[in-house]
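Source file structure00.txt; content: compact mmCIF, C-alpha atoms and all ligand atoms.
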# COMPACT_ATOMS: atom_id res chain seq x y z
CA MET Y 71 0.00 0.00 0.00
CA LYS Y 72 1.32 3.43 -0.97
CA SER Y 73 2.36 5.88 1.77
CA TYR Y 74 1.89 9.63 1.59
CA LEU Y 75 4.58 11.27 3.69
CA LEU Y 76 4.42 14.88 4.78
CA ALA Y 77 7.93 15.39 3.47
CA GLU Y 78 10.20 13.52 1.09
CA ARG Y 79 13.98 13.88 0.85
CA THR Y 80 14.94 16.65 -1.52
CA ILE Y 81 18.59 15.60 -1.84
CA ASP Y 82 18.35 13.08 -4.67
CA LYS Y 83 20.73 10.74 -6.48
CA ALA Y 84 21.89 13.48 -8.88
CA ASP Y 85 22.83 15.72 -5.94
CA LEU Y 86 24.73 12.85 -4.31
CA THR Y 87 26.57 11.96 -7.54
CA ASP Y 88 27.54 15.60 -7.93
CA LEU Y 89 28.75 15.63 -4.31
CA LYS Y 90 30.73 12.41 -4.75
CA ASP Y 91 32.44 13.70 -7.92
CA TRP Y 92 33.32 16.92 -6.13
CA LEU Y 93 34.64 15.09 -3.03
CA GLU Y 94 37.00 13.12 -5.27
CA THR Y 95 38.71 16.39 -6.22
CA ASP Y 96 39.94 16.61 -2.60
CA PRO Y 97 38.21 19.98 -2.03
CA TRP Y 98 38.17 22.45 0.83
CA LEU Y 99 35.33 21.30 3.13
CA THR Y 100 34.68 23.92 5.80
CA GLN Y 101 33.40 27.43 5.03
CA GLY Y 102 35.17 28.62 1.88
CA PRO Y 103 34.62 29.63 -1.75
CA LEU Y 104 31.52 27.49 -2.32
CA VAL Y 105 29.74 29.08 0.63
CA ARG Y 106 30.34 32.49 -0.98
CA GLN Y 107 29.15 31.12 -4.33
CA PHE Y 108 25.99 29.64 -2.80
CA GLU Y 109 25.27 32.91 -0.97
CA ALA Y 110 25.62 34.93 -4.18
CA ALA Y 111 23.42 32.48 -6.09
CA TRP Y 112 20.76 32.52 -3.36
CA ALA Y 113 20.73 36.34 -3.14
CA ALA Y 114 20.34 36.55 -6.95
CA TRP Y 115 17.57 33.92 -7.02
CA LEU Y 116 15.65 35.65 -4.22
CA GLY Y 117 16.20 39.23 -5.32
CA ARG Y 118 18.20 40.47 -2.33
CA LYS Y 119 21.61 42.16 -2.07
CA HIS Y 120 23.21 39.97 0.60
CA ALA Y 121 22.80 36.40 1.85
CA LEU Y 122 24.69 34.67 4.66
CA PHE Y 123 24.80 30.86 4.86
CA VAL Y 124 24.51 29.37 8.36
CA ASN Y 125 24.08 25.92 9.86
CA SER Y 126 20.27 26.06 10.34
CA GLY Y 127 17.17 28.19 10.01
CA SER Y 128 17.20 28.52 13.79
CA SER Y 129 20.72 29.98 13.63
CA ALA Y 130 19.50 32.34 10.90
CA ASN Y 131 16.82 33.60 13.31
CA LEU Y 132 19.38 33.89 16.13
CA LEU Y 133 21.65 36.02 13.95
CA MET Y 134 18.79 38.30 12.85
CA TYR Y 135 18.10 39.25 16.48
CA ALA Y 136 21.83 39.44 17.34
CA ALA Y 137 22.42 41.78 14.37
CA LEU Y 138 19.75 44.15 15.70
CA LEU Y 139 21.54 44.33 19.04
CA ALA Y 140 24.92 44.79 17.34
CA GLN Y 141 23.53 47.78 15.42
CA LYS Y 142 23.38 49.48 18.86
CA ASP Y 143 20.55 51.89 17.96
CA LEU Y 144 17.43 49.88 18.81
CA PRO Y 145 15.22 52.25 20.81
CA ASN Y 146 13.94 49.36 22.95
CA ARG Y 147 14.06 45.59 23.21
CA LYS Y 148 10.36 44.94 22.79
CA VAL Y 149 9.62 42.50 19.99
CA ILE Y 150 6.21 41.33 18.79
CA VAL Y 151 6.27 37.59 18.09
CA PRO Y 152 3.51 35.56 16.38
CA ALA Y 153 1.57 33.11 18.54
CA VAL Y 154 1.63 30.61 15.67
CA SER Y 155 5.28 30.27 14.83
CA TRP Y 156 8.17 27.99 15.71
CA ALA Y 157 10.13 27.56 18.95
CA THR Y 158 13.26 29.08 17.46
CA THR Y 159 11.37 32.03 16.01
CA VAL Y 160 10.78 33.08 19.61
CA ALA Y 161 13.61 31.49 21.63
CA PRO Y 162 16.45 33.80 20.47
CA ALA Y 163 14.46 36.81 21.70
CA ILE Y 164 14.42 35.25 25.17
CA GLN Y 165 18.07 34.15 25.00
CA LEU Y 166 19.30 37.59 23.92
CA GLY Y 167 17.33 39.62 26.47
CA PHE Y 168 14.55 40.98 24.27
CA GLU Y 169 11.08 41.47 25.75
CA PRO Y 170 8.81 39.29 23.57
CA ILE Y 171 5.13 40.24 23.31
CA MET Y 172 2.88 37.68 21.66
CA CYS Y 173 0.32 38.50 18.95
CA ASP Y 174 -2.60 36.25 17.99
CA ALA Y 175 -2.91 34.59 14.58
CA ASP Y 176 -4.82 36.02 11.66
CA PRO Y 177 -7.87 33.85 10.77
CA GLN Y 178 -6.98 33.99 7.05
CA THR Y 179 -3.19 33.73 6.81
CA PHE Y 180 -2.53 32.21 10.28
CA GLY Y 181 0.36 34.71 10.43
CA LEU Y 182 0.23 37.89 12.53
CA ASP Y 183 -3.24 39.25 13.25
CA LEU Y 184 -2.55 42.70 11.83
CA THR Y 185 -5.40 44.42 13.68
CA GLU Y 186 -4.03 43.11 16.98
CA LEU Y 187 -0.50 44.00 15.85
CA GLU Y 188 -1.56 47.61 15.37
CA ALA Y 189 -3.08 47.72 18.87
CA LEU Y 190 0.16 46.24 20.29
CA CYS Y 191 2.23 48.82 18.40
CA GLN Y 192 0.12 51.63 19.89
CA LYS Y 193 0.40 50.20 23.39
CA HIS Y 194 4.03 49.03 23.50
CA LYS Y 195 5.85 50.92 20.71
CA PRO Y 196 7.99 47.86 19.94
CA ALA Y 197 11.25 48.45 18.07
CA THR Y 198 10.96 45.05 16.36
CA VAL Y 199 8.32 42.77 14.87
CA ILE Y 200 9.04 39.26 13.62
CA ALA Y 201 6.56 37.77 11.14
CA VAL Y 202 6.34 34.11 10.15
CA HIS Y 203 4.87 33.02 6.82
CA VAL Y 204 3.12 30.03 8.35
CA LEU Y 205 3.95 26.85 6.41
CA GLY Y 206 4.50 29.04 3.34
CA THR Y 207 1.38 31.22 3.24
CA PRO Y 208 2.45 34.88 3.14
CA ASN Y 209 1.23 37.50 5.58
CA ASP Y 210 -0.62 40.40 3.95
CA MET Y 211 2.56 42.33 3.19
CA GLU Y 212 0.83 45.52 2.08
CA ARG Y 213 -0.82 45.96 5.47
CA LEU Y 214 2.25 44.77 7.37
CA CYS Y 215 4.60 47.14 5.52
CA ASP Y 216 2.11 49.96 6.01
CA LEU Y 217 2.16 49.30 9.78
CA ARG Y 218 5.96 49.33 9.69
CA ARG Y 219 5.91 52.73 7.97
CA ARG Y 220 3.44 54.15 10.49
CA TYR Y 221 4.94 52.68 13.66
CA GLY Y 222 8.61 52.61 12.69
CA PHE Y 223 9.51 49.07 13.77
CA VAL Y 224 12.19 46.90 12.23
CA LEU Y 225 10.59 43.95 10.43
CA LEU Y 226 12.19 40.51 10.63
CA GLU Y 227 10.71 37.85 8.33
CA ASP Y 228 10.97 34.19 9.25
CA ALA Y 229 10.53 32.58 5.83
CA CYS Y 230 12.00 29.26 6.98
CA ALA Y 231 9.02 27.33 5.63
CA ALA Y 232 8.18 29.65 2.75
CA THR Y 233 10.93 29.44 0.13
CA GLY Y 234 9.52 30.56 -3.21
CA SER Y 235 6.21 31.94 -1.94
CA ARG Y 236 5.44 35.37 -3.33
CA TRP Y 237 3.32 38.29 -2.33
CA ASP Y 238 2.30 40.57 -5.21
CA GLY Y 239 5.07 39.07 -7.35
CA ALA Y 240 7.97 39.52 -4.88
CA HIS Y 241 9.50 36.65 -2.95
CA VAL Y 242 8.67 36.55 0.75
CA GLY Y 243 11.92 37.22 2.56
CA THR Y 244 12.52 40.40 0.53
CA PHE Y 245 10.26 42.67 2.59
CA GLY Y 246 11.86 42.64 6.05
CA GLU Y 247 15.09 44.42 6.97
CA LEU Y 248 16.32 40.88 7.61
CA SER Y 249 14.86 37.51 6.66
CA SER Y 250 15.62 33.87 7.36
CA PHE Y 251 15.31 30.58 5.45
CA SER Y 252 15.79 26.93 6.43
CA PHE Y 253 17.36 24.13 4.43
CA PHE Y 254 16.45 21.30 6.79
CA TYR Y 255 15.31 17.89 5.51
CA GLY Y 256 11.89 18.07 3.94
CA HIS Y 257 12.00 21.82 3.41
CA HIS Y 258 11.82 23.15 -0.15
CA LEU Y 259 15.57 22.77 -0.60
CA SER Y 260 17.97 21.00 1.72
CA THR Y 261 21.65 21.23 2.60
CA ILE Y 262 21.25 18.41 5.21
CA GLU Y 263 21.02 21.13 7.87
CA GLY Y 264 21.39 24.78 6.92
CA GLY Y 265 19.85 28.21 6.71
CA MET Y 266 20.26 31.63 5.15
CA VAL Y 267 19.93 35.17 6.49
CA THR Y 268 19.30 37.87 3.93
CA THR Y 269 19.40 41.67 3.97
CA ASP Y 270 19.81 44.55 1.53
CA ASP Y 271 21.90 46.56 3.99
CA GLU Y 272 25.67 46.32 3.67
CA ALA Y 273 26.45 47.42 7.25
CA THR Y 274 24.03 44.79 8.62
CA HIS Y 275 25.64 42.17 6.40
CA ASP Y 276 29.06 43.12 7.82
CA LEU Y 277 27.71 42.58 11.35
CA LEU Y 278 26.25 39.20 10.34
CA LEU Y 279 29.62 38.13 8.91
CA GLN Y 280 31.24 38.81 12.26
CA LEU Y 281 28.46 37.35 14.40
CA ARG Y 282 28.47 34.10 12.40
CA SER Y 283 32.16 33.50 13.08
CA HIS Y 284 33.18 34.14 16.69
CA GLY Y 285 32.83 37.94 16.42
CA TRP Y 286 36.09 38.34 14.47
CA ALA Y 287 36.52 40.32 11.25
CA LYS Y 288 38.21 37.70 9.07
CA ASP Y 289 35.27 37.44 6.67
CA LEU Y 290 34.98 41.19 6.09
CA ALA Y 291 36.55 42.96 3.12
CA PRO Y 292 40.22 43.58 4.13
CA GLU Y 293 39.88 47.37 4.29
CA LYS Y 294 36.91 47.02 6.68
CA GLY Y 295 38.87 44.62 8.90
CA ASP Y 296 41.79 47.08 8.89
CA ALA Y 297 39.52 49.94 9.92
CA LEU Y 298 38.10 47.93 12.84
CA ALA Y 299 41.61 46.90 13.93
CA ARG Y 300 42.78 50.51 13.85
CA GLN Y 301 39.76 51.66 15.84
CA ALA Y 302 40.29 48.96 18.46
CA GLY Y 303 44.10 49.51 18.53
CA ALA Y 304 44.71 45.83 17.72
CA ILE Y 305 48.40 44.83 17.63
CA PRO Y 306 49.15 43.68 14.03
CA PHE Y 307 50.27 40.19 15.13
CA ASN Y 308 47.04 39.69 17.10
CA LYS Y 309 44.75 41.29 14.51
CA PRO Y 310 43.22 38.09 13.01
CA PHE Y 311 42.25 36.97 16.51
CA THR Y 312 40.65 40.19 17.66
CA PHE Y 313 36.96 39.74 18.53
CA TYR Y 314 34.84 42.82 17.94
CA LEU Y 315 31.39 41.45 18.75
CA PRO Y 316 30.03 38.78 21.11
CA GLY Y 317 29.67 36.24 18.31
CA PHE Y 318 28.73 32.62 17.69
CA ASN Y 319 30.01 29.89 15.45
CA VAL Y 320 27.06 29.01 13.22
CA ARG Y 321 28.86 28.69 9.90
CA GLY Y 322 27.72 26.52 7.03
CA THR Y 323 30.34 24.45 5.23
CA ASP Y 324 31.49 24.17 1.63
CA LEU Y 325 30.25 20.59 1.65
CA GLN Y 326 26.72 21.81 2.45
CA ALA Y 327 27.06 24.70 0.00
CA ARG Y 328 27.94 22.23 -2.76
CA ILE Y 329 24.65 20.44 -2.10
CA GLY Y 330 22.88 23.80 -1.93
CA LEU Y 331 24.22 24.87 -5.33
CA SER Y 332 23.08 21.59 -6.81
CA GLN Y 333 19.65 21.95 -5.15
CA LEU Y 334 19.23 25.53 -6.30
CA LYS Y 335 19.18 24.33 -9.91
CA LYS Y 336 15.80 22.73 -9.24
CA ALA Y 337 14.39 25.50 -7.03
CA ASP Y 338 11.99 26.83 -9.66
CA HIS Y 339 10.63 23.35 -10.37
CA VAL Y 340 10.20 22.54 -6.67
CA VAL Y 341 8.44 25.84 -6.00
CA ALA Y 342 6.13 25.47 -9.03
CA ARG Y 343 5.12 21.91 -8.08
CA ARG Y 344 4.47 22.85 -4.45
CA ALA Y 345 2.41 25.86 -5.56
CA GLU Y 346 0.42 23.68 -7.99
CA ASN Y 347 -0.40 21.12 -5.29
CA HIS Y 348 -1.27 23.90 -2.87
CA ARG Y 349 -3.76 25.41 -5.33
CA ARG Y 350 -5.39 22.01 -5.81
CA TYR Y 351 -5.78 21.60 -2.04
CA GLN Y 352 -7.33 25.09 -1.89
CA GLU Y 353 -9.79 24.26 -4.68
CA ARG Y 354 -10.79 20.96 -3.10
CA LEU Y 355 -10.98 21.95 0.58
CA GLY Y 356 -11.87 25.66 0.39
CA GLY Y 357 -15.47 26.40 1.29
CA GLN Y 358 -16.20 22.83 2.44
CA ALA Y 359 -18.45 22.64 5.48
CA GLY Y 360 -16.48 21.76 8.62
CA PHE Y 361 -13.12 22.91 7.26
CA GLN Y 362 -11.19 26.14 7.24
CA ILE Y 363 -8.08 26.73 5.15
CA GLN Y 364 -5.35 29.38 4.96
CA HIS Y 365 -5.64 32.14 2.40
CA CYS Y 366 -3.68 35.25 1.50
CA PRO Y 367 -4.85 37.51 -1.34
CA ARG Y 368 -2.35 38.53 -4.08
CA SER Y 369 -0.04 35.67 -3.23
CA ILE Y 370 1.46 32.50 -4.62
CA THR Y 371 1.96 29.91 -1.91
CA SER Y 372 4.73 27.37 -2.23
CA SER Y 373 3.74 25.63 0.97
CA ILE Y 374 5.88 23.22 2.93
CA SER Y 375 2.63 21.42 3.90
CA PHE Y 376 -0.97 22.33 3.30
CA CYS Y 377 -2.85 23.09 6.48
CA ALA Y 378 -6.50 23.08 7.41
CA LEU Y 379 -8.64 23.37 10.51
CA ALA Y 380 -11.23 20.77 11.43
CA SER Y 381 -14.52 21.81 13.05
CA SER Y 382 -13.49 20.49 16.49
CA PRO Y 383 -10.69 18.52 18.21
CA ALA Y 384 -12.89 15.40 17.92
CA HIS Y 385 -13.33 15.97 14.17
CA ARG Y 386 -9.53 16.32 13.83
CA GLU Y 387 -9.07 13.10 15.80
CA ARG Y 388 -11.34 11.25 13.34
CA ILE Y 389 -9.63 12.80 10.31
CA GLY Y 390 -6.26 11.68 11.74
CA ALA Y 391 -7.54 8.12 12.12
CA ALA Y 392 -8.95 8.06 8.57
CA MET Y 393 -5.64 9.36 7.23
CA ALA Y 394 -3.61 6.81 9.22
CA ALA Y 395 -5.78 4.03 7.74
CA GLN Y 396 -4.76 5.22 4.25
CA ARG Y 397 -1.11 5.73 5.29
CA ILE Y 398 -1.35 9.49 4.90
CA GLU Y 399 0.93 11.23 7.35
CA THR Y 400 -0.34 14.21 9.35
CA ARG Y 401 0.66 16.31 12.37
CA PRO Y 402 -0.34 19.50 14.23
CA ILE Y 403 0.30 22.81 12.43
CA GLY Y 404 3.92 23.79 13.03
CA GLY Y 405 4.45 24.28 16.74
CA GLY Y 406 0.83 25.39 17.26
CA ASN Y 407 0.17 28.17 19.75
CA MET Y 408 3.60 28.99 21.16
CA SER Y 409 2.12 30.46 24.35
CA ARG Y 410 1.02 26.94 25.25
CA GLN Y 411 4.55 25.57 24.94
CA PRO Y 412 6.24 25.07 28.33
CA PHE Y 413 9.26 27.28 27.48
CA TRP Y 414 6.87 30.24 27.06
CA ALA Y 415 4.12 29.40 29.58
CA GLU Y 416 6.62 28.90 32.42
CA ARG Y 417 8.13 32.35 31.83
CA TYR Y 418 5.22 34.52 30.78
CA GLY Y 419 2.15 32.55 31.87
CA ALA Y 420 -0.75 31.37 29.77
CA ALA Y 421 -2.59 34.01 27.78
CA VAL Y 422 -5.72 33.89 25.65
CA PHE Y 423 -5.13 33.78 21.91
CA PRO Y 424 -8.45 32.52 20.49
CA MET Y 425 -7.32 31.99 16.90
CA ALA Y 426 -3.96 30.46 17.81
CA ASP Y 427 -5.83 28.15 20.19
CA ARG Y 428 -8.18 27.04 17.42
CA ILE Y 429 -5.17 26.31 15.23
CA HIS Y 430 -3.51 24.45 18.12
CA GLN Y 431 -6.56 22.34 18.85
CA THR Y 432 -8.04 21.68 15.42
CA GLY Y 433 -5.26 22.28 12.87
CA PHE Y 434 -3.62 19.54 10.86
CA GLN Y 435 -1.04 19.38 8.07
CA LEU Y 436 -1.41 17.58 4.76
CA PRO Y 437 1.49 16.36 2.61
CA ASN Y 438 2.99 18.63 0.00
CA HIS Y 439 6.23 17.99 -1.87
CA PRO Y 440 7.29 17.97 -5.51
CA GLY Y 441 6.88 14.18 -5.82
CA LEU Y 442 3.20 14.34 -4.82
CA SER Y 443 0.97 14.36 -7.92
CA LEU Y 444 -2.39 16.08 -8.31
CA THR Y 445 -3.96 12.61 -8.28
CA ASP Y 446 -2.30 12.03 -4.90
CA VAL Y 447 -3.66 15.36 -3.66
CA ASP Y 448 -7.14 14.38 -4.84
CA PHE Y 449 -6.89 11.07 -3.01
CA ILE Y 450 -5.81 12.83 0.19
CA CYS Y 451 -8.67 15.34 -0.14
CA ASP Y 452 -11.20 12.55 -0.77
CA THR Y 453 -9.98 10.83 2.40
CA VAL Y 454 -10.25 13.98 4.49
CA LEU Y 455 -13.62 15.09 3.08
CA ALA Y 456 -15.14 11.65 3.73
CA VAL Y 457 -14.90 12.38 7.47
CA THR Y 458 -17.99 14.30 8.42
CA GLU Y 459 -18.09 16.81 11.27
C1 LIG E 1 8.88 28.95 10.84
C2 LIG E 1 10.16 28.23 11.16
N1 LIG E 1 11.20 28.92 11.68
C3 LIG E 1 12.36 28.33 11.97
C4 LIG E 1 12.55 26.98 11.77
C5 LIG E 1 13.86 26.36 12.13
O1 LIG E 1 14.59 25.89 11.03
P1 LIG E 1 15.71 24.77 11.25
O2 LIG E 1 15.02 23.46 11.47
O3 LIG E 1 16.50 24.79 9.97
O4 LIG E 1 16.52 25.18 12.41
C6 LIG E 1 11.50 26.21 11.26
C7 LIG E 1 11.66 24.76 11.06
O5 LIG E 1 10.82 24.07 10.52
C8 LIG E 1 10.27 26.85 10.94
O6 LIG E 1 9.23 26.17 10.46
Written as structure tokens, that's how I'd like the structure from this file.
Amino acid sequence: MKSYLLAERTIDKADLTDLKDWLETDPWLTQGPLVRQFEAAWAAWLGRKHALFVNSGSSANLLMYAALLAQKDLPNRKVIVPAVSWATTVAPAIQLGFEPIMCDADPQTFGLDLTELEALCQKHKPATVIAVHVLGTPNDMERLCDLRRRYGFVLLEDACAATGSRWDGAHVGTFGELSSFSFFYGHHLSTIEGGMVTTDDEATHDLLLQLRSHGWAKDLAPEKGDALARQAGAIPFNKPFTFYLPGFNVRGTDLQARIGLSQLKKADHVVARRAENHRRYQERLGGQAGFQIQHCPRSITSSISFCALASSPAHRERIGAAMAAQRIETRPIGGGNMSRQPFWAERYGAAVFPMADRIHQTGFQLPNHPGLSLTDVDFICDTVLAVTE
């Protein structure tokens, strides 16, 4: 009997053959020329000036927050975080001493509830907002960017599950001052583990280069490293081992970048197939009694999984059982309502987020990957729709 997995491996035989051939040339393996090549190729593909390859999407998020602190001009450390997100969308804010304030989910996009966000901006005047494009569905970027203009916050975009999704023609991950992507197994593209931070700002990129590697300046253009050394009065002999920022080591490697370059060749195909499946799910499940689906106007969604809400937890339970009987994999939506996760609840207490709670209690994911055909999607939809409320 056929199985329908939520995710399939994206690193295929051709990628592995390419890797094997390259390994036989006895190449440099840690961060080196291929990382720079992959970063340039990613920035060009996305439509961004700078990209920085790191060892995971979580590290990409960590560096986005750390770069804001390194800029030294944040008016405050308040950051609005989405209730429906991922643990490591929120965790770096806690680790780095930000003051996270949670915002409920929007009933359409499942991203930030932009009406609530505006009220939070009026009340708290946060310097930073982080948005997540939940499982690939964009936030309404016109409204979000309008709020940024009116309230003056820095926008971080967690696009870790949204590679290739577009809002009004532009890739998600090109709207925020900084954005993050993940290349974990089962994501749109994979480098085994890996992630990317992107920005259009050169000074921010210079900070990211230092934060990624111990806080030193070795990855900066030589004249910029010289200027920092002069400013800090570094002794020439010690200059390469002078640490200017409290950094991390979250570098990606040339080995991973080689896989990334090979994966990038099929990015457009992967994105198109995921978007096609997503549209089919929307056509089949949209407007069906007992179900609610995600929707963002003016967007193309290259989802990592399709997600839907059942009419009740009991309905979801029965859908899960019907899917298991047909070997169709499912799971809750992302990490659900983050305020219910122990790492948050123990620090900040439980709060009421009605939409995020509905998503937590009734949401479920459906498979989407390039190997899943429209016939497969139809079969999955038939299985789900056969379960009445
Ligand atoms: C929205 C979001 N942010 C961040 C991450 C973390 O990415 P990684 O697993 O590469 O650390 C994920 C992982 O799925 C995610 O879905």
Problem set entry | Residue contacts of Y:Gln333 (7 Å, only C-alpha atoms) excluding same-chain residues fewer than 4 positions away, as a PyMOL selection string | chain Y and resi 259+329+337
Problem set entry | Contacts of ligand LIG 1 (chain E), 6 Å or closer, all atoms listed in the file, given as a PyMOL selection string | chain Y and resi 126-128+155-156+158-159+202+228+230-231+252-254+264-265
Problem set entry | For atom CA of Y:Gly256 and atom CA of Y:Leu116, the interatomic separation in Å (one decimal) |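 Atom-to-atom, atom CA of Y:Gly256 to atom CA of Y:Leu116, that is 19.7 Å.
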Seminar exercise, completed: The distance between atom CA of Y:Thr268 and atom CA of Y:Ser250 is 6.4 Å
Determine the axis-aligned bounding box of all atoms of stretch 224-233 of chain Y present in the file, pad each side by 6 Å, and express its centre and edge lengths in Å to one decimal place as AutoDock Vina command-line options.
--center_x 10.2 --center_y 37.1 --center_z 6.2 --size_x 16.0 --size_y 31.6 --size_z 24.1
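Checking Y:His439, Y:Gly303, Y:Val457, Y:Gly322 one by one against Y:Arg388, counting only C-alpha atoms, you find the shortest gap at Y:Val457.
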Problem set entry | Residues near Y:Gly360, cut-off 10 Å, only C-alpha atoms, skip fewer than 6 positions along chain, as an MDAnalysis selection string | chainID Y and resid 379:382 385 455 457:459
For this session: Choose the residue, out of Y:Val340, Y:Leu133, Y:Ile81, Y:Met211, that has the smallest atom-to-atom separation from Y:Asp238; count all atoms listed in the file.
Result: Y:Met211
Problem set entry | One-decimal distance in Å that lies between atom CA of Y:Met172 and atom CA of Y:Val151 | 4.9 Å
Give one line per residue of stretch 316-345 of chain Y that approaches stretch 88-112 of chain Y to at most 7 Å, naming the two atoms of the closest pair and their distance in Å to one decimal, counting all atoms listed in the file; sort by chain then ascending residue number and deliver it as CSV.
residue,atom,partner,partner_atom,distance
Y:Arg321,CA,Y:Gln101,CA,6.8
Y:Gly322,CA,Y:Gln101,CA,6.1
Y:Thr323,CA,Y:Gln101,CA,4.3
Y:Asp324,CA,Y:Leu99,CA,5.0
Y:Leu325,CA,Y:Leu99,CA,5.3
Y:Ala327,CA,Y:Val105,CA,5.2
Y:Arg328,CA,Y:Leu104,CA,6.4
Y:Ile329,CA,Y:Leu89,CA,6.7
Y:Gly330,CA,Y:Phe108,CA,6.7
Y:Leu331,CA,Y:Phe108,CA,5.7
Seminar exercise, completed: Using all atoms listed in the file, the best pick from Y:His365, Y:His275, Y:Lys148, Y:Arg220 as closest to Y:Cys377 would be Y:His365
For this session: Quick one: everything within 8 Å of Y:Val454, counting all atoms listed in the file, minus sequence neighbours fewer than 5 positions away in the same chain. Send it as a ChimeraX atom specification.
Result: /Y:389,392-393
Problem set entry | Nearest to Y:Leu182, chosen from Y:Gln165, Y:Thr453, Y:Gln280, Y:Asn209, with all atoms listed in the file counted in the distances |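 That would be Y:Asn209, the residue with the smallest distance to Y:Leu182.
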For this session: Rank Y:Ile150, Y:Cys366, Y:Val204, Y:Val224 by their smallest atom-to-atom distance to Y:Ala189, using all atoms listed in the file, and report the top residue only.
Result: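 Counting all atoms listed in the file, the residue closest to Y:Ala189 is Y:Ile150.
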Seminar exercise, completed: Restricting to only C-alpha atoms, whichever of Y:Ala394, Y:Leu279, Y:Ala304, Y:Leu298 is closest to Y:Met134 is Y:Leu279
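Neighbouring residues of Y:Lys288 at 12 Å or closer, counting all atoms listed in the file and skipping chain neighbours under 5 positions away, are Gly102, Asp276, Leu277, Leu279, Gln280, Leu281, Arg282, Ser283, Glu293, Lys294, Gly295, Asp296, Leu298, Ala299, Lys309, Pro310, Phe311, Thr312, Phe313 and Tyr314 of chain Y.
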